[in-house]
Amino acid sequence: MPDKIAKPNYWRKNMGVVELVQKPATETVSTSVHRLLFSIMEETHFERGISVVSGPYGIGKTTAINEFASEYGESCIVVKVPNGATRSGAGAVAVMQQIELALREMTKRPLDAQSSHTRYTLQQKIRSYLLEVFEPRWGHFRDDLIEKAKSGDGPEITVIFDEAQRLNREAIESLRDWNDRHRPTMLLPLGLIFIGNPEFALSEGTDSVLTGAVRSRLTHFEQLEYSNLSNADLALVIEAKGISDKGAVAAIIDFFSQSRVKRDLRQVNSVIRKCQLYADGASVTAEIVRNTLNQ
């Protein structure tokens, strides 16, 4: 079993001063995709920017989101975008309802309360919840908090939308106003991160969910593929699961290097589990890997 992967250094702001800090080691395997996603989310968070990331299932997008949310706690709101009521995707009201639900949980409000179906009412509730969460922690009166946020000294608050391919153009365009530093819809300018699968219509044109106004504000725009997971990344995952035999590691990597096989980490973990069951407590060898894959 390899040592836990040491987390890299990241930039962190503290009362306007940028300092380099060392993150503690975690159980998460630090693949290149994981590190890239984490750094994109972190920079977007501190810059109060807007970023868009797309990538296929199984490359570690949700894992990176979960670790980021764990690291930044109440400064990060994660919304799992629901399937839209229409074929065009989830609209602004549906997304705001999910944000309100997440903030209810943060403020320990009842989760079964009826949610509004009007933008104005939802917006007022979300603004109220945001102030309830952040104003006491920062020790400012409302007006002081808002002014500090406009000047870049207030709290960083970021909303991450997982399964963002389910959002429609109207929803993303309306959320753009939440990021406005001078006239933010939510009183405070919020960082916005949209992470979805390749169905996310990102190419420029009339079918794109991103308007020109959103594109012009993007801090990061990243389209990932399975090829972004390198052989070294797969080796890290395999070794972290307890397979140390070099031949066995190479055999699993060879299997996932075939053109017809996707480098889906869920499938990698499935193969690892099957090999370990086949080994029945013994060390997994290259022969065991081959026998398992040939079953």
# chains A, B, ... in the order shown; residues from 1 in each chain; ligands from 1

$ residues_around --residues "A:Ile243" --least-positions-apart "4" --cutoff "8 Å" --atoms "only C-alpha atoms" --output "JSON, numbers by chain"
{"A": [1, 238, 239, 248, 249, 283, 284]}

$ write_last_selection --atoms "N, CA and C atoms" --output "tab-separated table (two decimals), in the first residue's frame"
chain	number	residue	atom	x	y	z
A	1	MET	N	0.85	-1.20	0.00
A	1	MET	CA	0.00	0.00	0.00
A	1	MET	C	0.89	1.25	0.00
A	238	ILE	N	-5.04	2.21	-8.35
A	238	ILE	CA	-4.89	0.76	-8.13
A	238	ILE	C	-4.08	0.49	-6.86
A	239	GLU	N	-2.98	1.20	-6.70
A	239	GLU	CA	-2.12	0.99	-5.53
A	239	GLU	C	-2.81	1.44	-4.25
A	248	ALA	N	0.62	-6.84	-11.77
A	248	ALA	CA	-0.83	-6.72	-11.66
A	248	ALA	C	-1.28	-5.30	-12.00
A	249	VAL	N	-0.54	-4.32	-11.49
A	249	VAL	CA	-0.87	-2.92	-11.79
A	249	VAL	C	-0.79	-2.68	-13.30
A	283	SER	N	-2.18	-12.00	-2.39
A	283	SER	CA	-1.80	-10.82	-3.17
A	283	SER	C	-2.30	-10.98	-4.60
A	284	VAL	N	-2.76	-9.89	-5.17
A	284	VAL	CA	-3.23	-9.89	-6.55
A	284	VAL	C	-2.02	-9.84	-7.48

$ select_by_dssp --residues "stretch 188-232 of chain A" --states "strand (DSSP E or B)" --output "PDB file with N, CA and C atoms, in the first residue's frame"
ATOM      1  N   GLY A 191     -19.632  33.237  -6.115  1.00  0.00           N
ATOM      2  CA  GLY A 191     -18.915  32.446  -7.099  1.00  0.00           C
ATOM      3  C   GLY A 191     -19.837  31.358  -7.624  1.00  0.00           C
ATOM      4  N   LEU A 192     -19.716  31.042  -8.904  1.00  0.00           N
ATOM      5  CA  LEU A 192     -20.582  30.043  -9.530  1.00  0.00           C
ATOM      6  C   LEU A 192     -19.720  29.049 -10.300  1.00  0.00           C
ATOM      7  N   ILE A 193     -19.912  27.765 -10.013  1.00  0.00           N
ATOM      8  CA  ILE A 193     -19.155  26.716 -10.701  1.00  0.00           C
ATOM      9  C   ILE A 193     -20.158  25.703 -11.251  1.00  0.00           C
ATOM     10  N   PHE A 194     -20.092  25.481 -12.561  1.00  0.00           N
ATOM     11  CA  PHE A 194     -20.990  24.552 -13.238  1.00  0.00           C
ATOM     12  C   PHE A 194     -20.182  23.354 -13.714  1.00  0.00           C
ATOM     13  N   ILE A 195     -20.502  22.168 -13.195  1.00  0.00           N
ATOM     14  CA  ILE A 195     -19.761  20.952 -13.554  1.00  0.00           C
ATOM     15  C   ILE A 195     -20.755  19.916 -14.061  1.00  0.00           C
ATOM     16  N   GLY A 196     -20.533  19.454 -15.298  1.00  0.00           N
ATOM     17  CA  GLY A 196     -21.480  18.518 -15.887  1.00  0.00           C
ATOM     18  C   GLY A 196     -20.840  17.519 -16.819  1.00  0.00           C
ATOM     19  N   LEU A 218     -16.136  34.113 -17.702  1.00  0.00           N
ATOM     20  CA  LEU A 218     -15.612  32.842 -17.207  1.00  0.00           C
ATOM     21  C   LEU A 218     -14.178  32.961 -16.691  1.00  0.00           C
ATOM     22  N   THR A 219     -13.972  32.441 -15.492  1.00  0.00           N
ATOM     23  CA  THR A 219     -12.631  32.316 -14.922  1.00  0.00           C
ATOM     24  C   THR A 219     -11.936  31.107 -15.528  1.00  0.00           C
ATOM     25  N   HIS A 220     -12.689  30.004 -15.664  1.00  0.00           N
ATOM     26  CA  HIS A 220     -12.161  28.781 -16.284  1.00  0.00           C
ATOM     27  C   HIS A 220     -13.237  28.166 -17.162  1.00  0.00           C
ATOM     28  N   PHE A 221     -12.798  27.603 -18.279  1.00  0.00           N
ATOM     29  CA  PHE A 221     -13.668  26.848 -19.175  1.00  0.00           C
ATOM     30  C   PHE A 221     -12.882  25.603 -19.564  1.00  0.00           C
ATOM     31  N   GLU A 222     -13.274  24.444 -19.027  1.00  0.00           N
ATOM     32  CA  GLU A 222     -12.473  23.226 -19.193  1.00  0.00           C
ATOM     33  C   GLU A 222     -13.362  22.083 -19.675  1.00  0.00           C
ATOM     34  N   GLN A 223     -12.938  21.428 -20.765  1.00  0.00           N
ATOM     35  CA  GLN A 223     -13.635  20.259 -21.283  1.00  0.00           C
ATOM     36  C   GLN A 223     -12.699  19.060 -21.181  1.00  0.00           C
TER      37      GLN A 223
END

$ residues_around --residues "stretch 159-172 of chain A" --least-positions-apart "2" --cutoff "6 Å" --atoms "only C-alpha atoms" --output "list in words"
Cys76, Ile77, Val78, Val79, Lys80, Val81, Asn83, Ser88, Gly89, Ala90, Gly91, Ala92, Ser174, Leu175, Leu192, Ile193, Phe194, Ile195, Gly196, Glu199, Phe200 and Val209 of chain A

$ write_last_selection --atoms "N, CA and C atoms" --output "short mmCIF file (atom, residue, chain, number, x, y, z; two decimals), in the first residue's frame"
data_model
loop_
_atom_site.label_atom_id
_atom_site.label_comp_id
_atom_site.auth_asym_id
_atom_site.auth_seq_id
_atom_site.Cartn_x
_atom_site.Cartn_y
_atom_site.Cartn_z
N CYS A 76 -19.31 27.05 0.93
CA CYS A 76 -19.59 26.35 -0.31
C CYS A 76 -20.97 25.70 -0.25
N ILE A 77 -21.79 25.97 -1.23
CA ILE A 77 -23.12 25.39 -1.32
C ILE A 77 -23.14 24.50 -2.56
N VAL A 78 -23.40 23.21 -2.38
CA VAL A 78 -23.44 22.28 -3.51
C VAL A 78 -24.89 21.96 -3.85
N VAL A 79 -25.23 22.11 -5.11
CA VAL A 79 -26.57 21.83 -5.59
C VAL A 79 -26.50 20.72 -6.64
N LYS A 80 -27.18 19.63 -6.37
CA LYS A 80 -27.32 18.56 -7.36
C LYS A 80 -28.52 18.93 -8.23
N VAL A 81 -28.23 19.31 -9.47
CA VAL A 81 -29.29 19.82 -10.33
C VAL A 81 -30.28 18.70 -10.66
N ASN A 83 -33.41 16.74 -12.67
CA ASN A 83 -33.86 16.68 -14.06
C ASN A 83 -34.97 17.70 -14.26
N SER A 88 -35.97 20.93 -22.24
CA SER A 88 -34.91 21.93 -22.34
C SER A 88 -34.03 21.99 -21.10
N GLY A 89 -34.46 21.33 -20.00
CA GLY A 89 -33.63 21.30 -18.80
C GLY A 89 -34.25 22.07 -17.65
N ALA A 90 -33.57 22.01 -16.50
CA ALA A 90 -34.06 22.67 -15.29
C ALA A 90 -33.96 24.19 -15.43
N GLY A 91 -35.02 24.88 -15.11
CA GLY A 91 -35.05 26.33 -15.22
C GLY A 91 -34.65 27.01 -13.92
N ALA A 92 -34.75 28.33 -13.93
CA ALA A 92 -34.29 29.14 -12.81
C ALA A 92 -35.03 28.81 -11.52
N SER A 174 -29.84 33.62 -15.69
CA SER A 174 -30.37 34.30 -14.51
C SER A 174 -29.40 34.23 -13.34
N LEU A 175 -28.67 33.11 -13.23
CA LEU A 175 -27.69 32.97 -12.16
C LEU A 175 -26.51 33.92 -12.35
N LEU A 192 -19.72 31.04 -8.90
CA LEU A 192 -20.58 30.04 -9.53
C LEU A 192 -19.72 29.05 -10.30
N ILE A 193 -19.91 27.76 -10.01
CA ILE A 193 -19.16 26.72 -10.70
C ILE A 193 -20.16 25.70 -11.25
N PHE A 194 -20.09 25.48 -12.56
CA PHE A 194 -20.99 24.55 -13.24
C PHE A 194 -20.18 23.35 -13.71
N ILE A 195 -20.50 22.17 -13.20
CA ILE A 195 -19.76 20.95 -13.55
C ILE A 195 -20.76 19.92 -14.06
N GLY A 196 -20.53 19.45 -15.30
CA GLY A 196 -21.48 18.52 -15.89
C GLY A 196 -20.84 17.52 -16.82
N GLU A 199 -22.88 16.02 -22.24
CA GLU A 199 -24.12 16.50 -22.84
C GLU A 199 -24.31 18.00 -22.62
N PHE A 200 -23.53 18.57 -21.70
CA PHE A 200 -23.53 20.00 -21.44
C PHE A 200 -23.25 20.71 -22.77
N VAL A 209 -25.89 26.44 -23.92
CA VAL A 209 -26.52 26.92 -22.69
C VAL A 209 -25.80 28.15 -22.15
#

$ atom_distance --atom1 "atom CA of A:Leu265" --atom2 "atom CA of A:Gly281"
22.8 Å

$ select_by_dssp --residues "stretch 156-250 of chain A" --states "helix (DSSP H, G or I)" --output "tab-separated table (two decimals) with N, CA, C and O atoms, in the first residue's frame"
chain	number	residue	atom	x	y	z
A	164	ALA	N	-24.57	19.77	-14.01
A	164	ALA	CA	-24.99	21.05	-14.59
A	164	ALA	C	-25.49	20.92	-16.02
A	164	ALA	O	-26.10	21.86	-16.55
A	165	GLN	N	-25.26	19.76	-16.66
A	165	GLN	CA	-25.80	19.56	-18.01
A	165	GLN	C	-27.33	19.56	-18.00
A	165	GLN	O	-27.96	19.68	-19.05
A	166	ARG	N	-27.92	19.45	-16.81
A	166	ARG	CA	-29.39	19.47	-16.70
A	166	ARG	C	-29.95	20.88	-16.64
A	166	ARG	O	-31.17	21.07	-16.62
A	169	ARG	N	-30.49	27.21	-20.59
A	169	ARG	CA	-29.84	28.49	-20.86
A	169	ARG	C	-30.41	29.60	-19.97
A	169	ARG	O	-29.68	30.44	-19.44
A	170	GLU	N	-31.73	29.59	-19.80
A	170	GLU	CA	-32.38	30.63	-18.99
A	170	GLU	C	-31.91	30.58	-17.54
A	170	GLU	O	-31.70	31.61	-16.91
A	171	ALA	N	-31.72	29.36	-17.00
A	171	ALA	CA	-31.28	29.23	-15.61
A	171	ALA	C	-29.88	29.79	-15.42
A	171	ALA	O	-29.62	30.55	-14.47
A	172	ILE	N	-28.97	29.43	-16.32
A	172	ILE	CA	-27.59	29.91	-16.19
A	172	ILE	C	-27.51	31.42	-16.38
A	172	ILE	O	-26.78	32.12	-15.67
A	173	GLU	N	-28.28	31.95	-17.32
A	173	GLU	CA	-28.28	33.39	-17.56
A	173	GLU	C	-28.80	34.15	-16.34
A	173	GLU	O	-28.25	35.19	-15.96
A	174	SER	N	-29.84	33.62	-15.69
A	174	SER	CA	-30.37	34.30	-14.51
A	174	SER	C	-29.40	34.23	-13.34
A	174	SER	O	-29.28	35.17	-12.54
A	175	LEU	N	-28.67	33.11	-13.23
A	175	LEU	CA	-27.69	32.97	-12.16
A	175	LEU	C	-26.51	33.92	-12.35
A	175	LEU	O	-25.84	34.27	-11.37
A	176	ARG	N	-26.24	34.32	-13.58
A	176	ARG	CA	-25.14	35.25	-13.85
A	176	ARG	C	-25.26	36.52	-13.02
A	176	ARG	O	-24.25	37.07	-12.55
A	177	ASP	N	-26.49	36.99	-12.82
A	177	ASP	CA	-26.70	38.22	-12.05
A	177	ASP	C	-26.27	38.05	-10.59
A	177	ASP	O	-26.00	39.04	-9.91
A	178	TRP	N	-26.23	36.81	-10.10
A	178	TRP	CA	-25.81	36.57	-8.72
A	178	TRP	C	-24.32	36.84	-8.55
A	178	TRP	O	-23.83	36.99	-7.44
A	179	ASN	N	-23.60	36.88	-9.65
A	179	ASN	CA	-22.16	37.06	-9.62
A	179	ASN	C	-21.74	38.52	-9.77
A	179	ASN	O	-20.57	38.85	-9.62
A	212	GLY	N	-23.27	34.75	-24.54
A	212	GLY	CA	-22.02	35.50	-24.68
A	212	GLY	C	-21.66	36.23	-23.41
A	212	GLY	O	-20.48	36.34	-23.05
A	213	ALA	N	-22.68	36.72	-22.70
A	213	ALA	CA	-22.43	37.45	-21.45
A	213	ALA	C	-21.81	36.55	-20.39
A	213	ALA	O	-20.94	36.97	-19.63
A	214	VAL	N	-22.26	35.28	-20.34
A	214	VAL	CA	-21.68	34.34	-19.38
A	214	VAL	C	-20.25	33.99	-19.80
A	214	VAL	O	-19.34	33.97	-18.97
A	215	ARG	N	-20.05	33.71	-21.08
A	215	ARG	CA	-18.72	33.35	-21.57
A	215	ARG	C	-17.68	34.41	-21.25
A	215	ARG	O	-16.54	34.12	-20.91
A	226	TYR	N	-11.68	11.20	-21.07
A	226	TYR	CA	-11.09	10.07	-20.36
A	226	TYR	C	-9.56	10.07	-20.50
A	226	TYR	O	-8.85	9.61	-19.61
A	227	SER	N	-9.08	10.60	-21.60
A	227	SER	CA	-7.63	10.63	-21.84
A	227	SER	C	-6.90	11.52	-20.84
A	227	SER	O	-5.67	11.43	-20.71
A	228	ASN	N	-7.63	12.37	-20.13
A	228	ASN	CA	-6.99	13.20	-19.10
A	228	ASN	C	-6.53	12.37	-17.90
A	228	ASN	O	-5.71	12.83	-17.10
A	231	ASN	N	-1.80	7.01	-17.28
A	231	ASN	CA	-1.40	5.72	-16.70
A	231	ASN	C	-0.95	5.89	-15.25
A	231	ASN	O	-1.23	5.04	-14.40
A	232	ALA	N	-0.25	6.98	-14.99
A	232	ALA	CA	0.20	7.26	-13.62
A	232	ALA	C	-0.99	7.45	-12.68
A	232	ALA	O	-0.96	7.01	-11.52
A	233	ASP	N	-2.06	8.07	-13.18
A	233	ASP	CA	-3.27	8.25	-12.37
A	233	ASP	C	-3.90	6.90	-12.04
A	233	ASP	O	-4.30	6.64	-10.89
A	234	LEU	N	-4.01	6.04	-13.05
A	234	LEU	CA	-4.58	4.72	-12.82
A	234	LEU	C	-3.73	3.93	-11.82
A	234	LEU	O	-4.27	3.23	-10.95
A	235	ALA	N	-2.41	4.05	-11.93
A	235	ALA	CA	-1.52	3.35	-10.99
A	235	ALA	C	-1.77	3.82	-9.56
A	235	ALA	O	-1.80	3.02	-8.62
A	236	LEU	N	-1.96	5.13	-9.38
A	236	LEU	CA	-2.25	5.66	-8.04
A	236	LEU	C	-3.52	5.06	-7.47
A	236	LEU	O	-3.58	4.67	-6.30
A	237	VAL	N	-4.57	4.99	-8.31
A	237	VAL	CA	-5.85	4.44	-7.86
A	237	VAL	C	-5.70	2.97	-7.49
A	237	VAL	O	-6.19	2.51	-6.45
A	238	ILE	N	-5.04	2.21	-8.35
A	238	ILE	CA	-4.89	0.76	-8.13
A	238	ILE	C	-4.08	0.49	-6.86
A	238	ILE	O	-4.46	-0.34	-6.03
A	239	GLU	N	-2.98	1.20	-6.70
A	239	GLU	CA	-2.12	0.99	-5.53
A	239	GLU	C	-2.81	1.44	-4.25
A	239	GLU	O	-2.64	0.83	-3.19
A	240	ALA	N	-3.62	2.49	-4.35
A	240	ALA	CA	-4.35	2.97	-3.17
A	240	ALA	C	-5.37	1.95	-2.68
A	240	ALA	O	-5.75	1.94	-1.51
A	246	LYS	N	3.67	-5.05	-9.27
A	246	LYS	CA	3.85	-4.22	-10.46
A	246	LYS	C	3.22	-4.85	-11.69
A	246	LYS	O	2.66	-4.16	-12.56
A	247	GLY	N	3.35	-6.17	-11.81
A	247	GLY	CA	2.75	-6.86	-12.94
A	247	GLY	C	1.24	-6.74	-12.95
A	247	GLY	O	0.62	-6.55	-14.01
A	248	ALA	N	0.62	-6.84	-11.77
A	248	ALA	CA	-0.83	-6.72	-11.66
A	248	ALA	C	-1.28	-5.30	-12.00
A	248	ALA	O	-2.27	-5.10	-12.72
A	249	VAL	N	-0.54	-4.32	-11.49
A	249	VAL	CA	-0.87	-2.92	-11.79
A	249	VAL	C	-0.79	-2.68	-13.30
A	249	VAL	O	-1.69	-2.09	-13.90
A	250	ALA	N	0.29	-3.18	-13.92
A	250	ALA	CA	0.48	-2.98	-15.36
A	250	ALA	C	-0.62	-3.68	-16.16
A	250	ALA	O	-1.10	-3.15	-17.18
